[in-house]
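Novice: A single structure is presented below for examination.
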Protein chains: 2
Amino acid sequence: MGAFCLAYGEKSKMATCINDEGGYEMATMERQKLVEALKAKAQLLRIHSVRATTQAGSGHPTTCLSAADIVATLFFHAFRYDVPNPENRLNDRFVLSKGHAAPLLYAAWAEAGAIPVEHLMTLRRIDSELEGHPTPRFKWAEVATGSLGQGLSIAAGMAFAAKMDGLPSRVYALLGDGEVAEGSVWEAVAFASFYRLDNLTAIVDVNRLGQSGPTMVQHNLETYARRFEAFGWQPIIVDGHDFGQLLDAFDRAKTVKGKPTVLLARTLKGKGVSFLEDKEGWHGRPLPKDLAEKALAELALTDEQMELARLLKVKPPANGAPELPILPDDWHTRIEFPRYELGQQVATREAYGDGLVAIGKVNPLVVALDGDVKNSTFSEKFLAAFPERFVECFIAEQNMVGVAVGLATRGKIPFVSSFACFLMRAYDFIRMAGIGTTNIKLCGSHAGVSIGEDGPSQMGLEDLAAMRAIPRSIVLYPCDAVSTVKLVAEMAKSRGIAYLRTTRPKTTVIYRNEEEFPVGGCKVLFQSADDVATVVAAGITVHEALKAYEVLATQGIKIRVIDLYSVKPLDEATLVRCGLETNRLLITVEDHYPEGGIGEAVASAVCKEGIRVHKLAVHDIPRSGKPEELMEMFGISANAIVQGVKRLVRQESHGR
Amino acid sequence: MGAFCLAYGEKSKMATCINDEGGYEMATMERQKLVEALKAKAQLLRIHSVRATTQAGSGHPTTCLSAADIVATLFFHAFRYDVPNPENRLNDRFVLSKGHAAPLLYAAWAEAGAIPVEHLMTLRRIDSELEGHPTPRFKWAEVATGSLGQGLSIAAGMAFAAKMDGLPSRVYALLGDGEVAEGSVWEAVAFASFYRLDNLTAIVDVNRLGQSGPTMVQHNLETYARRFEAFGWQPIIVDGHDFGQLLDAFDRAKTVKGKPTVLLARTLKGKGVSFLEDKEGWHGRPLPKDLAEKALAELALTDEQMELARLLKVKPPANGAPELPILPDDWHTRIEFPRYELGQQVATREAYGDGLVAIGKVNPLVVALDGDVKNSTFSEKFLAAFPERFVECFIAEQNMVGVAVGLATRGKIPFVSSFACFLMRAYDFIRMAGIGTTNIKLCGSHAGVSIGEDGPSQMGLEDLAAMRAIPRSIVLYPCDAVSTVKLVAEMAKSRGIAYLRTTRPKTTVIYRNEEEFPVGGCKVLFQSADDVATVVAAGITVHEALKAYEVLATQGIKIRVIDLYSVKPLDEATLVRCGLETNRLLITVEDHYPEGGIGEAVASAVCKEGIRVHKLAVHDIPRSGKPEELMEMFGISANAIVQGVKRLVRQESHGR
């Protein structure tokens, strides 16, 4: 029976080996055979990793060698996964947080049967999905990793999703020891214990060596254990090259209730190759051909070992996931939008909450996350309506975005809210989510100097620049409640990263409830054949532009006014048309720094047509004060627009 | 003697009260009097906080009330500070990490004699330096706080600087309990224990309530203690409203050797005002006038208490700081720059290391920080030359930038290096450093797709957008070794935030060693009267533009080529002149996403003159591959420039 027992793929034999808790009930001899098989499998993973990186001429073989035994045990013992179907809801999940061990990841999936082993040799080639660090172009990766310290948050999000959905699947995240210095790891650790994610297991590959030297904690496993334990986790210290310990640890992790588990695995970087083991200076260096040969000779398997390794399969998950809620494609046609009166005073941040509730009612996949500012962002409205779909992430924005990424991989549509400036805390997470083409929605409130007295630390003034620079992102900036709720729905309908910028003070409702706001559009609010210039505004400055329009009109000066609610993509055609119709002159006005915001977006879009763009933007470090005082002081008020238009038109008539 | 003993300002009497360790040797009665005085002083701080926020009509009084007893004890017992002279090197330092308690900070400094008490009523006014959250416009604040979780890193930097300089001063940081959820706090905690910063004391004001609800840990002080202890700190749990415990704790903190100390103070939000104490729903809300009257009635002091409070003064530091190294203003004229040969292949990241060593030799204030990539950024050259001025910050970029901010407040010139993309991890720290007009220098290496096979997670492609959007920042991007070392010197000479972008692959030295590279300039590398367009490049793309120039020249097409090494400030005059001289046509080419980078900077600068700008930039999510393949695939290669020029000139000649 021994050999069969190892072949986990064969379901009929499984029950005799594994009890319900995943613990072993086999004879010592059988376990010994399993250990030998895993040992052989791990060597294969090492061989693939060395070969592929040498072939590529770059990469991180030594970090693969340290984690190979862990990954072999995880994949070919602990893991439950329907290999051909990554989308199977019952699958366990694996996040390689130490993304530079990508060759090991690909090797494990190749040995699992996901891809041909030969394909591993395409590593890092421009025509291969086997990138230097994993991205979802490799479909078993699900998320992009490689910026260290992000994987545990993502895994926590996946584990949270499994709990929400009543799924039995477990989530595993493999971390390097160096990355445990990232604070985001401790945000995730705190989050996972607070929410008692006992379906989450982290493994730290404690190989002692970072890129440029030893880590802070080196091989003091007890120190790590104390830290994780103090944060409410169950730590298990193991020799990461002892399969007996690894098997026991993974089994035990499945039995721990009410808290997440961390396997702290003492390993050696370069393990298995005598001249690499525990040596500095080998991080991120492939072996040259001659040394690779030497290494492969050390790693070589006997035929018998090869045979044993071949017996190991990834075990499929049990059947019987809870039914998915049925969501018709046209779900969004059933949204009952909240209605506002023209002229009503409503803050767009408050309308965000209204919009979120409206879409939440017809789309059960919508979830909301907030970082202890839900009463400012108004995501608290969603909490009140759907408490089971709201995730309080406390003041830890990086983890919040990571959790959202994890939720998105499990089919949720996560809306993440905080002050615009505090979302910048998670910029690297957002960057990675962009690379992973993740479906997350962000709302940054309290944008701009218009927040007033709280001062510059609370003012998002660089968020448009940062969010526009995420590839394929959508960036939206409504000026009133009607456009806000419509844009929230557009975000939910869209795929990928979408960002909504909201404003603290109340603004006047200027649109009728029937108005539509497609992504990539804009609204021309006033136009005539006599317009001397086009003023392009968005958000709070739309109202300043409208005031400027009135003032200039009384002086006989007509301007065109555009509400650029979709900052990215940009309605280039309308901007160009208006520019050409109004003396080739556009004036942008934005509650944002001059760099990377609306002015630059517009200039860059239209100036190839020879249209001139003048920017009004927050031109220096702001300060505390009343909103209207600040908008005046930093040159984005109605008055500033009036003065700007008059000055530019005067220059114009003087032939420049 | 009792009364005199409390008047710490009077040096002659001090010695009898305080022993060398700061511990008390006074009779019980005297201590009782001190407690009564501190109690009165704390009530005064409460009164000022309530009054100022009610007058301002906004602000966070309840968080001031919870921490008032802590701050009173800190300022008027533990602190050693020469109040009129914040620059005094011997002063202790205080960082208000929970920046929303700004009214309490201002109240403490007013009671310390730094500003008139009446001035507190200008809180949050546009003409006042007493902003809603502290900025260095209030000169006793030194740094901007208000984005939570940053103060401890800054304080650790200050404490590190004191150790470097052999100064006896201590550093105190006051944190809110909510912000302890920020991972950056745990980065700072790990850093401070690793470097044994026993001159650092953190105080956590554990008032249980965040902005929108209870914190994760609430009043479980033991949980916090276990966490800090596991990270190598000495925790001391106190009742934050018991002056006896506070006095003992601050005294004890001074005696702990080899590790930092944290006072975990159990407090009540709103303490001292019956209807606010431990109540939810009061975060960030000033009291309306009537409730303020009620609160002030509860807080009112007797004449005797006022008298006692008046006796308390901030105690000055001891004399005798080590001498400052003498640094003449013209230090930079003595830099011996490394010399390179024209045509030599040198990566700009390597030249960064060379340049850093060159300025380090003549300027002892220069220090370098790196996040475990020193062998990639080449800051390791500085480490080799000046080990005592190098700070390994491990993989914790937020804390690294925070430590740099702390070092900068103590007069150092910190150069912080990591991969460009990983500096984005610290974007919110950089944002706050910008608001604080801090003198830090950042180097982001491995920018762009030209890094090649490691793939998008390691490519900085949004860093120019992000760094340009920091107010008053300088953004530099050299294309060869000579310009790199010169620009490193320019960074050191400049004040404020400067960012240098370096490249992974080697590039050809194109400048002579004598060439100068002033901030705000650019280099016109080729020009003629026949130029059909100007190509604006920077960094790696300069070399592509030069190749394109050669190719086009063989086809009889002349282009102008600009090296835009100073991305911000921009040499607008030269760009406009070249644009006007070359058919009003500029083509920008950059190894960066299209948003917020060189193309938009240039378009925005010149398009008000009717000059057309076409952008070549990395137009989608890149991938792993060879650098040259990627530059081709994403449209920023020499070939792409050649095609772009020909297409645009053809359009031109067809009358567009």
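All residue names refer to the structure tokens as shown: chains lettered A, B, ... in order, residues numbered from 1 in each chain, ligands numbered from 1 in order.
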Residues within 12 Å of stretch 285-300 of chain B, please, as number ranges by chain. Count only C-alpha atoms; anything in the same chain fewer than 2 positions from it doesn't count.
Specialist: A: 376, 454; B: 39-65, 100, 103, 211, 270-277, 280-283, 302-306
Novice: Stretch 81-95 of chain B: which residues within 8 Å, counting only C-alpha atoms, same-chain residues fewer than 4 positions away excluded, as a list of chain:residue names?
Specialist: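 So, after excluding close chain neighbours, the residues are B:Ala112, B:Gly113, B:Ala114, B:Lys139, B:Trp140, B:Ala141, B:Val143, B:Gly151, B:Leu152, B:Ile154, B:Ala155, B:Met158, B:Leu167, B:Pro168, B:Ser169, B:Arg170, B:Val171, B:Tyr172, B:Ala173, B:Leu174, B:Val314, B:Lys315, B:Pro316, B:Pro317, B:Ala318, B:Asn319, B:Gly320, B:Ala321, B:Arg410.
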Novice: Of the residues B:Asn363, B:Thr508, B:Ser417, B:Ser457, which is the one nearest to A:Lys98, using only C-alpha atoms?
Specialist: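 With only C-alpha atoms as the atom set, the closest residue is B:Ser457.
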Novice: Per DSSP on the backbone, what are the alpha helix (DSSP H) residues of stretch 466-500 of chain B, as a PyMOL selection string?
Specialist: chain B and resi 466-468+481-493
Novice: Quick one: everything within 6 Å of stretch 189-200 of chain B, counting only C-alpha atoms, minus sequence neighbours fewer than 2 positions away in the same chain. Send it as a list of chain:residue names.
Specialist: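 The filter keeps B:Ala159, B:Arg170, B:Val171, B:Trp186, B:Glu187, B:Phe231, B:Gly232, B:Lys257, B:Gly258, B:Lys259, B:Pro260.
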Novice: Could you pull out the residues in stretch 427-546 of chain B that DSSP calls strand (DSSP E) from the backbone, as an NGL selection string?
Specialist: :B and (441-445 or 474-476 or 498-501 or 506-508 or 523-526 or 533-537)
Novice: Compare B:Arg504, B:Arg137, B:Arg31, B:Lys646 by their minimum atom-to-atom distance to chain A, counting only C-alpha atoms, and give me the closest one.
Specialist: B:Arg137
Novice: Interatomic distance between atom CA of A:Ala605 and atom CA of B:Val602?
Specialist: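 That distance, rounded to one decimal, is 12.3 Å.
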Novice: With a distance cut-off of 8 Å and only C-alpha atoms, select the neighbouring residues of B:Phe429, excluding the residue or stretch itself and same-chain residues fewer than 6 positions from it, and output the selection as an MDAnalysis selection string.
Specialist: (chainID A and resid 425) or (chainID B and resid 150 398 401:402)
Novice: Atom CA of A:Ile510 and atom CA of A:Glu350 are how many Å apart?
Specialist: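 Going from atom CA of A:Ile510 over to atom CA of A:Glu350 covers 15.8 Å.
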Novice: Do you know which residues are at most 9 Å from B:Ala426 counting only C-alpha atoms, after dropping those on the same chain fewer than 4 positions away, and could you put them as a PyMOL selection string?
Specialist: (chain A and resi 424-428) or (chain B and resi 396-402+422+430-431)
Novice: Can you write just those residues out, C-alpha atoms, as a CSV table (one decimal), in the first residue's frame?
Specialist:
```
chain,number,residue,atom,x,y,z
A,424,MET,CA,-0.4,56.9,-0.6
A,425,ARG,CA,0.8,54.9,2.3
A,426,ALA,CA,-0.1,51.9,0.2
A,427,TYR,CA,1.3,53.2,-3.0
A,428,ASP,CA,3.7,50.3,-3.5
B,396,ALA,CA,11.9,48.6,5.7
B,397,GLU,CA,11.8,51.6,3.4
B,398,GLN,CA,9.3,53.6,5.4
B,399,ASN,CA,11.4,53.5,8.5
B,400,MET,CA,14.5,54.2,6.5
B,401,VAL,CA,13.0,57.5,5.2
B,402,GLY,CA,11.7,58.3,8.7
B,422,PHE,CA,10.8,50.3,-3.4
B,430,ILE,CA,8.4,61.3,1.6
B,431,ARG,CA,5.1,63.3,1.2
```
Novice: Identify, on the basis of only C-alpha atoms, every residue whose closest approach to A:His592 does not exceed 12 Å; exclude the query and any residue fewer than 6 positions from it along the same chain; express the result as a VMD selection string.
Specialist: (chain A and resid 420 to 421 446 to 450 456 459 to 466 477 501 503 537 to 541 598 to 600 615 to 622 631 634 to 636) or (chain B and resid 469 to 471)
Novice: Write the residues of the selection above to a file with C-alpha atoms, as a compact mmCIF listing (two decimals), in the first residue's frame.
Specialist:
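Resulting contents of out-v3.txt:
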```txt
# COMPACT_ATOMS: atom_id res chain seq x y z
CA ALA A 420 -6.57 60.28 -0.37
CA CYS A 421 -3.26 61.12 1.26
CA HIS A 446 -10.51 64.67 1.76
CA ALA A 447 -8.58 65.55 -1.37
CA GLY A 448 -6.98 68.94 -1.71
CA VAL A 449 -6.63 72.16 0.21
CA SER A 450 -10.40 72.39 0.34
CA PRO A 456 -1.34 69.69 4.69
CA MET A 459 -4.61 66.86 2.19
CA GLY A 460 -4.30 64.55 -0.79
CA LEU A 461 -2.47 66.70 -3.31
CA GLU A 462 -0.37 64.15 -5.18
CA ASP A 463 -2.92 61.37 -5.47
CA LEU A 464 -3.92 62.12 -9.05
CA ALA A 465 -0.27 61.97 -10.13
CA ALA A 466 0.30 58.74 -8.28
CA TYR A 477 -13.15 62.84 -9.75
CA ARG A 501 -11.36 61.15 -5.53
CA THR A 503 -14.05 66.06 -1.40
CA ALA A 537 -12.09 71.80 -13.84
CA ALA A 538 -12.93 68.74 -11.78
CA GLY A 539 -14.31 68.10 -8.32
CA ILE A 540 -14.38 71.12 -6.07
CA THR A 541 -12.98 73.43 -8.76
CA ILE A 598 -5.24 67.44 -14.44
CA GLY A 599 -3.22 70.24 -15.99
CA GLU A 600 -0.44 67.97 -17.14
CA LYS A 615 -2.46 75.53 -15.30
CA LEU A 616 -3.94 76.74 -12.05
CA ALA A 617 -2.92 74.35 -9.30
CA VAL A 618 -1.73 74.31 -5.70
CA HIS A 619 1.67 75.80 -6.31
CA ASP A 620 3.34 75.38 -2.94
CA ILE A 621 3.08 73.62 0.42
CA PRO A 622 -0.30 74.59 1.81
CA MET A 631 -8.23 78.07 -2.44
CA PHE A 634 -3.05 78.84 -3.59
CA GLY A 635 -4.62 80.19 -6.75
CA ILE A 636 -7.48 77.86 -7.55
CA ALA B 469 4.57 65.77 -7.10
CA ILE B 470 6.44 66.50 -3.87
CA PRO B 471 6.34 70.28 -3.44
```
Novice: One number please: atom CA of A:Ser566 to atom CA of A:Leu476, in Å, one decimal.
Specialist: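 Computed distance, atom CA of A:Ser566 to atom CA of A:Leu476, equals 4.6 Å.
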Novice: Compile the contact shell of B:Ile562 as a ChimeraX atom specification: residues with an atom at most 6 Å away, counting only C-alpha atoms, same-chain residues fewer than 3 positions apart removed.
Specialist: /B:523-525,536
Novice: Write a file of the just-selected residues containing N, CA and C atoms, as an mmCIF file, in the first residue's frame.
Specialist:
```
data_model
loop_
_atom_site.group_PDB
_atom_site.id
_atom_site.type_symbol
_atom_site.label_atom_id
_atom_site.label_comp_id
_atom_site.auth_asym_id
_atom_site.auth_seq_id
_atom_site.Cartn_x
_atom_site.Cartn_y
_atom_site.Cartn_z
ATOM 1 N N LYS B 523 21.262 69.749 -21.236
ATOM 2 C CA LYS B 523 22.368 69.799 -22.188
ATOM 3 C C LYS B 523 21.817 69.573 -23.588
ATOM 4 N N VAL B 524 22.128 70.507 -24.481
ATOM 5 C CA VAL B 524 21.781 70.303 -25.887
ATOM 6 C C VAL B 524 22.963 69.585 -26.522
ATOM 7 N N LEU B 525 22.761 68.332 -26.874
ATOM 8 C CA LEU B 525 23.888 67.491 -27.298
ATOM 9 C C LEU B 525 24.180 67.634 -28.785
ATOM 10 N N VAL B 536 13.807 65.050 -26.649
ATOM 11 C CA VAL B 536 14.162 65.297 -25.255
ATOM 12 C C VAL B 536 14.226 63.955 -24.541
#
```
